[in-house]
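S.K.: data_11.cif is reproduced in full below (mmCIF, C-alpha atoms and all ligand atoms).
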data_query
#
loop_
_atom_site.label_atom_id
_atom_site.label_comp_id
_atom_site.auth_asym_id
_atom_site.auth_seq_id
_atom_site.Cartn_x
_atom_site.Cartn_y
_atom_site.Cartn_z
CA MET A 20 -12.88 42.37 31.53
CA THR A 21 -13.18 45.82 33.04
CA LEU A 22 -15.21 46.52 36.14
CA ALA A 23 -17.76 48.46 34.07
CA ASN A 24 -18.24 45.50 31.72
CA LEU A 25 -18.63 43.20 34.66
CA ARG A 26 -21.30 45.47 36.09
CA ASP A 27 -23.14 45.42 32.75
CA LEU A 28 -22.98 41.64 32.75
CA TYR A 29 -24.49 41.49 36.22
CA GLN A 30 -27.23 43.87 35.18
CA GLN A 31 -27.97 41.65 32.19
CA VAL A 32 -28.28 38.58 34.39
CA ILE A 33 -30.63 40.45 36.74
CA LEU A 34 -32.81 41.69 33.87
CA GLU A 35 -32.85 38.26 32.26
CA ARG A 36 -34.03 36.66 35.53
CA TYR A 37 -36.65 39.36 35.94
CA LYS A 38 -38.06 38.81 32.46
CA LYS A 39 -37.79 35.02 32.43
CA PRO A 40 -37.87 33.70 35.98
CA LYS A 41 -37.31 29.96 36.35
CA HIS A 42 -38.87 29.45 39.76
CA ARG A 43 -42.13 31.38 39.73
CA GLY A 44 -45.15 29.51 41.01
CA VAL A 45 -46.23 27.50 44.02
CA THR A 46 -44.58 24.35 45.35
CA ALA A 47 -46.59 21.12 45.55
CA PRO A 48 -47.12 20.43 48.35
CA VAL A 49 -46.75 23.66 50.32
CA HIS A 50 -45.02 23.09 53.67
CA ARG A 51 -44.24 26.73 54.35
CA LEU A 52 -45.96 29.85 53.08
CA GLN A 53 -44.64 33.29 53.86
CA ARG A 54 -45.33 36.72 52.46
CA GLY A 55 -42.86 39.55 52.52
CA HIS A 56 -43.17 43.24 51.79
CA ASN A 57 -40.63 45.97 51.20
CA PRO A 58 -42.48 49.27 51.80
CA SER A 59 -39.61 51.45 50.61
CA CYS A 60 -39.98 50.16 47.04
CA GLY A 61 -43.36 48.42 47.05
CA ASP A 62 -42.01 44.93 46.39
CA THR A 63 -44.19 42.09 47.61
CA ILE A 64 -43.34 38.44 47.54
CA GLU A 65 -45.03 35.19 48.46
CA LEU A 66 -42.73 32.25 49.00
CA THR A 67 -43.75 28.63 49.20
CA VAL A 68 -41.38 25.95 50.42
CA GLN A 69 -41.48 22.18 50.06
CA LEU A 70 -39.45 20.29 52.66
CA ASN A 71 -38.32 16.68 52.92
CA GLU A 72 -40.13 14.25 55.21
CA ALA A 73 -37.92 15.06 58.20
CA GLY A 74 -38.54 18.76 57.63
CA ASP A 75 -34.85 19.62 57.73
CA ARG A 76 -34.08 19.88 54.03
CA ILE A 77 -35.49 22.09 51.28
CA GLU A 78 -36.84 20.19 48.29
CA ASP A 79 -38.16 23.18 46.42
CA VAL A 80 -38.82 26.91 46.75
CA LYS A 81 -41.07 28.95 44.49
CA PHE A 82 -42.16 32.56 44.53
CA GLU A 83 -44.99 34.78 43.39
CA GLY A 84 -45.08 38.51 43.68
CA GLU A 85 -44.68 41.89 42.14
CA GLY A 86 -41.77 44.23 42.36
CA CYS A 87 -38.70 45.69 40.80
CA ALA A 88 -36.16 43.74 38.76
CA ILE A 89 -33.76 43.44 41.68
CA ALA A 90 -36.36 42.00 44.06
CA MET A 91 -37.68 39.51 41.52
CA ALA A 92 -34.25 38.44 40.25
CA SER A 93 -33.05 37.96 43.80
CA ALA A 94 -36.08 35.75 44.54
CA ASP A 95 -35.49 33.63 41.46
CA LEU A 96 -31.77 33.18 42.15
CA MET A 97 -32.45 32.37 45.79
CA ALA A 98 -35.10 29.78 44.94
CA GLU A 99 -32.62 28.06 42.65
CA ALA A 100 -29.79 28.13 45.18
CA MET A 101 -31.95 26.71 47.99
CA ARG A 102 -32.92 23.44 46.31
CA GLY A 103 -31.46 20.50 48.20
CA LYS A 104 -30.03 22.61 51.02
CA SER A 105 -30.56 21.70 54.67
CA THR A 106 -32.47 24.31 56.64
CA ASP A 107 -29.26 25.07 58.58
CA GLU A 108 -27.34 25.65 55.34
CA ALA A 109 -30.19 27.81 54.09
CA LEU A 110 -30.11 30.04 57.18
CA GLU A 111 -26.34 30.34 56.84
CA MET A 112 -26.81 31.47 53.24
CA VAL A 113 -29.33 34.09 54.36
CA GLN A 114 -26.67 35.49 56.68
CA ARG A 115 -24.03 35.38 54.00
CA PHE A 116 -26.29 37.24 51.60
CA GLN A 117 -26.87 39.96 54.16
CA SER A 118 -23.11 40.27 54.72
CA MET A 119 -22.61 40.44 50.97
CA MET A 120 -25.03 43.37 50.81
CA GLN A 121 -22.80 45.12 53.34
CA GLY A 122 -19.80 44.38 51.14
CA ASN A 123 -18.34 41.87 53.60
CA ALA A 124 -18.79 38.50 51.91
CA GLU A 125 -19.41 36.59 48.75
CA PHE A 126 -20.57 33.09 47.89
CA PRO A 127 -18.18 30.21 47.16
CA THR A 128 -17.76 28.78 43.66
CA GLU A 129 -20.68 26.34 43.78
CA GLN A 130 -23.08 29.18 44.63
CA ARG A 131 -21.35 31.88 42.61
CA LYS A 132 -24.51 32.71 40.63
CA LEU A 133 -25.66 34.57 43.73
CA ASN A 134 -22.69 36.89 43.46
CA VAL A 135 -24.37 38.71 40.56
CA MET A 136 -26.35 40.49 43.28
CA GLN A 137 -23.13 41.83 44.77
CA GLY A 138 -23.31 45.02 42.70
CA VAL A 139 -26.50 45.99 44.54
CA SER A 140 -24.44 46.67 47.67
CA GLN A 141 -23.25 49.86 45.95
CA PHE A 142 -26.82 51.18 45.92
CA PRO A 143 -27.99 51.35 49.54
CA VAL A 144 -31.60 52.19 48.65
CA ARG A 145 -31.89 48.95 46.64
CA ILE A 146 -30.42 46.63 49.24
CA LYS A 147 -33.85 46.06 50.78
CA CYS A 148 -35.13 44.99 47.37
CA ALA A 149 -32.42 42.33 47.14
CA THR A 150 -32.74 41.09 50.72
CA LEU A 151 -36.57 40.91 50.83
CA THR A 152 -36.78 37.35 49.54
CA TRP A 153 -34.01 36.22 51.94
CA HIS A 154 -35.76 37.77 54.96
CA THR A 155 -38.95 36.09 53.81
CA LEU A 156 -37.29 32.68 53.47
CA LYS A 157 -35.80 32.98 56.94
CA ALA A 158 -39.25 33.76 58.37
CA ALA A 159 -40.71 30.80 56.43
CA LEU A 160 -38.11 28.36 57.77
CA GLU A 161 -38.49 29.61 61.32
CA SER A 162 -42.28 29.39 61.28
CA SER A 163 -44.26 26.40 62.56
CA ASN A 164 -45.13 23.32 60.52
CA GLU A 165 -48.71 24.22 59.90
CA PRO A 166 -49.32 26.51 56.97
CA GLN A 167 -51.64 29.06 58.51
CA PRO A 168 -52.94 32.50 57.74
CA VAL A 169 -49.80 34.57 57.73
CA GLY A 170 -49.12 38.24 57.83
CA PHE A 171 -46.46 40.01 55.89
CA VAL A 172 -42.92 40.19 57.18
CA SER A 173 -41.55 43.61 56.55
CA ASN A 174 -37.90 44.47 56.27
CA GLU A 175 -38.42 48.05 57.37
ZN ZN A 201 -37.54 46.99 44.78
#
Rewrite the structure from the file as structure tokens, please.
Ligand code: ZN
M.R.:
Amino acid sequence: MTLANLRDLYQQVILERYKKPKHRGVTAPVHRLQRGHNPSCGDTIELTVQLNEAGDRIEDVKFEGEGCAIAMASADLMAEAMRGKSTDEALEMVQRFQSMMQGNAEFPTEQRKLNVMQGVSQFPVRIKCATLTWHTLKAALESSNEPQPVGFVSNE
């Protein structure tokens, strides 16, 4: 498979996720609620997170929001990848994703679906679209237990 074909394949996965997201909605119950906004493109996202009883493992992540295909596909893929992860693992994955956007890392086999976003690193103006949901998750996990009126995190 040539590099160009591979890039097409990645684009197809991103478009498919955008059109038919698997993790849109709101978790029940909501243990974390965080909004994120990417002013450079206009993407907005609202993440809800359901944690286990101890509060150290992610049971479910869902998202709502409006934005470009890259932002929405990234949110859907992230939500999927986060299920069952400890909060420490989740924060590590946030870091890895950011490194991947700088061209310095990729995900191991069991999380390889996330590597479809790798191509975005070649388009610096779109990197913020891809990382928005990850920034937002990080803010959600680092916030207090009580869902409370929250502002937007911005990645500007
Ligand atoms: Zn965008």
S.K.: Please determine, counting all atoms listed in the file, which residue among A:Gly74, A:Gly86, A:Pro48, A:Pro58 has the shortest atom-to-atom distance to ligand ZN 201 (chain A).
M.R.: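 Going through A:Gly74, A:Gly86, A:Pro48, A:Pro58 one by one, the smallest distance to ligand ZN 201 (chain A) is for A:Gly86.
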S.K.: Can you tell me, as a ChimeraX atom specification, what residues are no more than 10 Å from A:Glu175 when counting all atoms listed in the file, ignoring any on the same chain fewer than 5 positions away?
M.R.: /A:56-59,147,151
S.K.: Give me, as a count of residues only, the set of residues whose atoms come within 9 Å of any atom of ligand ZN 201 (chain A), counting all atoms listed in the file.
M.R.: 20
S.K.: Within 7 Å of stretch 123-141 of chain A, which residues of stretch 21-103 of chain A come that close, and what is the closest atom pair and distance in Å for each? Count only C-alpha atoms and give it as a tab-separated table.
M.R.:
residue	atom	partner	partner_atom	distance
A:Arg26	CA	A:Gly138	CA	6.9
A:Tyr29	CA	A:Val135	CA	5.2
A:Leu96	CA	A:Leu133	CA	6.5
A:Ala100	CA	A:Gln130	CA	6.8
S.K.: At a cut-off of 12 Å, using only C-alpha atoms, what residues contact A:Ala98? Leave out same-chain residues fewer than 5 positions from it and give the result as a PyMOL selection string.
M.R.: chain A and resi 36+40-46+65-69+77-83+91-93+103-104+109+112-113+132-133+152-153+155-156
S.K.: Using C-alpha atoms, can you write the selected residues to a file as a PDB file, in the frame of the given file?
M.R.:
ATOM      1  CA  ARG A  36     -34.030  36.660  35.530  1.00  0.00           C
ATOM      2  CA  PRO A  40     -37.870  33.700  35.980  1.00  0.00           C
ATOM      3  CA  LYS A  41     -37.310  29.960  36.350  1.00  0.00           C
ATOM      4  CA  HIS A  42     -38.870  29.450  39.760  1.00  0.00           C
ATOM      5  CA  ARG A  43     -42.130  31.380  39.730  1.00  0.00           C
ATOM      6  CA  GLY A  44     -45.150  29.510  41.010  1.00  0.00           C
ATOM      7  CA  VAL A  45     -46.230  27.500  44.020  1.00  0.00           C
ATOM      8  CA  THR A  46     -44.580  24.350  45.350  1.00  0.00           C
ATOM      9  CA  GLU A  65     -45.030  35.190  48.460  1.00  0.00           C
ATOM     10  CA  LEU A  66     -42.730  32.250  49.000  1.00  0.00           C
ATOM     11  CA  THR A  67     -43.750  28.630  49.200  1.00  0.00           C
ATOM     12  CA  VAL A  68     -41.380  25.950  50.420  1.00  0.00           C
ATOM     13  CA  GLN A  69     -41.480  22.180  50.060  1.00  0.00           C
ATOM     14  CA  ILE A  77     -35.490  22.090  51.280  1.00  0.00           C
ATOM     15  CA  GLU A  78     -36.840  20.190  48.290  1.00  0.00           C
ATOM     16  CA  ASP A  79     -38.160  23.180  46.420  1.00  0.00           C
ATOM     17  CA  VAL A  80     -38.820  26.910  46.750  1.00  0.00           C
ATOM     18  CA  LYS A  81     -41.070  28.950  44.490  1.00  0.00           C
ATOM     19  CA  PHE A  82     -42.160  32.560  44.530  1.00  0.00           C
ATOM     20  CA  GLU A  83     -44.990  34.780  43.390  1.00  0.00           C
ATOM     21  CA  MET A  91     -37.680  39.510  41.520  1.00  0.00           C
ATOM     22  CA  ALA A  92     -34.250  38.440  40.250  1.00  0.00           C
ATOM     23  CA  SER A  93     -33.050  37.960  43.800  1.00  0.00           C
ATOM     24  CA  GLY A 103     -31.460  20.500  48.200  1.00  0.00           C
ATOM     25  CA  LYS A 104     -30.030  22.610  51.020  1.00  0.00           C
ATOM     26  CA  ALA A 109     -30.190  27.810  54.090  1.00  0.00           C
ATOM     27  CA  MET A 112     -26.810  31.470  53.240  1.00  0.00           C
ATOM     28  CA  VAL A 113     -29.330  34.090  54.360  1.00  0.00           C
ATOM     29  CA  LYS A 132     -24.510  32.710  40.630  1.00  0.00           C
ATOM     30  CA  LEU A 133     -25.660  34.570  43.730  1.00  0.00           C
ATOM     31  CA  THR A 152     -36.780  37.350  49.540  1.00  0.00           C
ATOM     32  CA  TRP A 153     -34.010  36.220  51.940  1.00  0.00           C
ATOM     33  CA  THR A 155     -38.950  36.090  53.810  1.00  0.00           C
ATOM     34  CA  LEU A 156     -37.290  32.680  53.470  1.00  0.00           C
TER      35      LEU A 156
END
S.K.: Using only C-alpha atoms, can you tell me which of A:Glu108, A:Asp95, A:Glu85, A:Glu72 comes closest to A:Ile33?
M.R.: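 Among A:Glu108, A:Asp95, A:Glu85, A:Glu72, it is A:Asp95 that comes nearest to A:Ile33.
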S.K.: For atom CA of A:Lys157 and atom CA of A:Arg102, determine how far apart the two atoms are, in Å to one decimal place.
M.R.: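 Computing it gives 14.6 Å between the two atoms.
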S.K.: Using all atoms listed in the file, which of the listed residues (A:Leu160, A:Gly84, A:Gly55, A:Phe142) sits closest to A:Asn174?
M.R.: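 Answer, going by the shortest atom-to-atom distance: A:Gly55.
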S.K.: Rounded to one decimal in Å, what is the spacing between atom CA of A:His50 and atom CA of A:Ala159?
M.R.: 9.3 Å
S.K.: Assuming 3 Å of padding per side, give the centre and edge lengths of the axis-aligned box around every listed atom of stretch 138-153 of chain A, in Å to one decimal and as lines of an AutoDock Vina configuration file.
M.R.:
center_x = -30.0
center_y = 44.2
center_z = 47.3
size_x = 19.5
size_y = 22.0
size_z = 15.2
S.K.: Expressed in Å to a single decimal, how great is the separation between atom CA of A:Ser162 and atom CA of A:Ser118?
M.R.: 23.0 Å
S.K.: Nearest to A:Glu161: which of A:Gln53, A:Ser173, A:Gln121, A:Asn71 is it, counting all atoms listed in the file?
M.R.: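 Residue with the minimum atom-to-atom distance to A:Glu161: A:Gln53.
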S.K.: Considering all atoms listed in the file, state which residue in the set A:Glu99, A:Lys39, A:Ala94, A:Ala47 is at the smallest distance from A:Ile64.
M.R.: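 Result for the nearest residue to A:Ile64: A:Ala94.
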S.K.: Smallest atom-to-atom distance to A:Val49: which of A:Leu70, A:Thr150, A:Arg76, A:Glu35, using all atoms listed in the file?
M.R.: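 The closest residue to A:Val49 is A:Leu70.
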S.K.: So that I can look at just that part, could you write stretch 35-100 of chain A with C-alpha atoms, as an mmCIF file, in the first residue's frame?
M.R.:
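And here's selection20.cif as it stands now:
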data_model
loop_
_atom_site.group_PDB
_atom_site.id
_atom_site.type_symbol
_atom_site.label_atom_id
_atom_site.label_comp_id
_atom_site.auth_asym_id
_atom_site.auth_seq_id
_atom_site.Cartn_x
_atom_site.Cartn_y
_atom_site.Cartn_z
ATOM 1 C CA GLU A 35 -16.870 7.675 8.520
ATOM 2 C CA ARG A 36 -16.531 8.533 12.232
ATOM 3 C CA TYR A 37 -17.737 12.056 11.556
ATOM 4 C CA LYS A 38 -20.847 10.870 9.733
ATOM 5 C CA LYS A 39 -21.636 7.932 12.011
ATOM 6 C CA PRO A 40 -20.179 8.548 15.458
ATOM 7 C CA LYS A 41 -20.507 5.675 17.921
ATOM 8 C CA HIS A 42 -20.119 7.603 21.154
ATOM 9 C CA ARG A 43 -22.273 10.693 20.802
ATOM 10 C CA GLY A 44 -24.537 11.447 23.732
ATOM 11 C CA VAL A 45 -24.357 11.846 27.483
ATOM 12 C CA THR A 46 -23.151 9.256 29.985
ATOM 13 C CA ALA A 47 -25.516 8.013 32.697
ATOM 14 C CA PRO A 48 -24.659 9.006 35.317
ATOM 15 C CA VAL A 49 -22.485 12.045 34.638
ATOM 16 C CA HIS A 50 -19.473 12.194 36.967
ATOM 17 C CA ARG A 51 -17.532 14.759 34.974
ATOM 18 C CA LEU A 52 -18.774 17.389 32.562
ATOM 19 C CA GLN A 53 -16.405 19.569 30.620
ATOM 20 C CA ARG A 54 -16.797 21.838 27.636
ATOM 21 C CA GLY A 55 -14.026 22.661 25.240
ATOM 22 C CA HIS A 56 -13.693 25.210 22.477
ATOM 23 C CA ASN A 57 -11.228 25.645 19.654
ATOM 24 C CA PRO A 58 -11.554 29.288 18.526
ATOM 25 C CA SER A 59 -9.281 28.882 15.514
ATOM 26 C CA CYS A 60 -11.791 26.570 13.806
ATOM 27 C CA GLY A 61 -14.979 27.048 15.826
ATOM 28 C CA ASP A 62 -15.147 23.494 17.158
ATOM 29 C CA THR A 63 -17.016 23.075 20.424
ATOM 30 C CA ILE A 64 -17.311 19.922 22.426
ATOM 31 C CA GLU A 65 -19.055 18.809 25.587
ATOM 32 C CA LEU A 66 -17.669 15.690 27.203
ATOM 33 C CA THR A 67 -19.342 13.654 29.890
ATOM 34 C CA VAL A 68 -17.480 10.984 31.813
ATOM 35 C CA GLN A 69 -18.734 8.111 33.939
ATOM 36 C CA LEU A 70 -16.216 6.804 36.478
ATOM 37 C CA ASN A 71 -16.109 3.675 38.616
ATOM 38 C CA GLU A 72 -17.015 3.831 42.302
ATOM 39 C CA ALA A 73 -13.444 4.585 43.384
ATOM 40 C CA GLY A 74 -13.275 7.377 40.817
ATOM 41 C CA ASP A 75 -10.005 6.139 39.355
ATOM 42 C CA ARG A 76 -11.252 4.312 36.275
ATOM 43 C CA ILE A 77 -13.264 5.468 33.263
ATOM 44 C CA GLU A 78 -16.420 3.466 32.638
ATOM 45 C CA ASP A 79 -17.692 5.533 29.750
ATOM 46 C CA VAL A 80 -17.075 8.758 27.836
ATOM 47 C CA LYS A 81 -19.551 10.437 25.518
ATOM 48 C CA PHE A 82 -19.468 13.669 23.587
ATOM 49 C CA GLU A 83 -21.781 16.275 22.132
ATOM 50 C CA GLY A 84 -20.727 19.188 20.033
ATOM 51 C CA GLU A 85 -20.332 20.796 16.681
ATOM 52 C CA GLY A 86 -17.244 21.100 14.589
ATOM 53 C CA CYS A 87 -15.198 19.895 11.697
ATOM 54 C CA ALA A 88 -14.715 16.251 10.739
ATOM 55 C CA ILE A 89 -11.312 16.065 12.412
ATOM 56 C CA ALA A 90 -12.551 17.392 15.765
ATOM 57 C CA MET A 91 -15.604 15.138 15.823
ATOM 58 C CA ALA A 92 -13.767 12.015 14.624
ATOM 59 C CA SER A 93 -11.058 12.591 17.198
ATOM 60 C CA ALA A 94 -13.704 12.863 19.950
ATOM 61 C CA ASP A 95 -15.396 9.650 18.859
ATOM 62 C CA LEU A 96 -12.141 7.693 18.640
ATOM 63 C CA MET A 97 -10.988 9.046 21.993
ATOM 64 C CA ALA A 98 -14.265 8.142 23.712
ATOM 65 C CA GLU A 99 -13.904 4.594 22.443
ATOM 66 C CA ALA A 100 -10.264 4.284 23.482
#
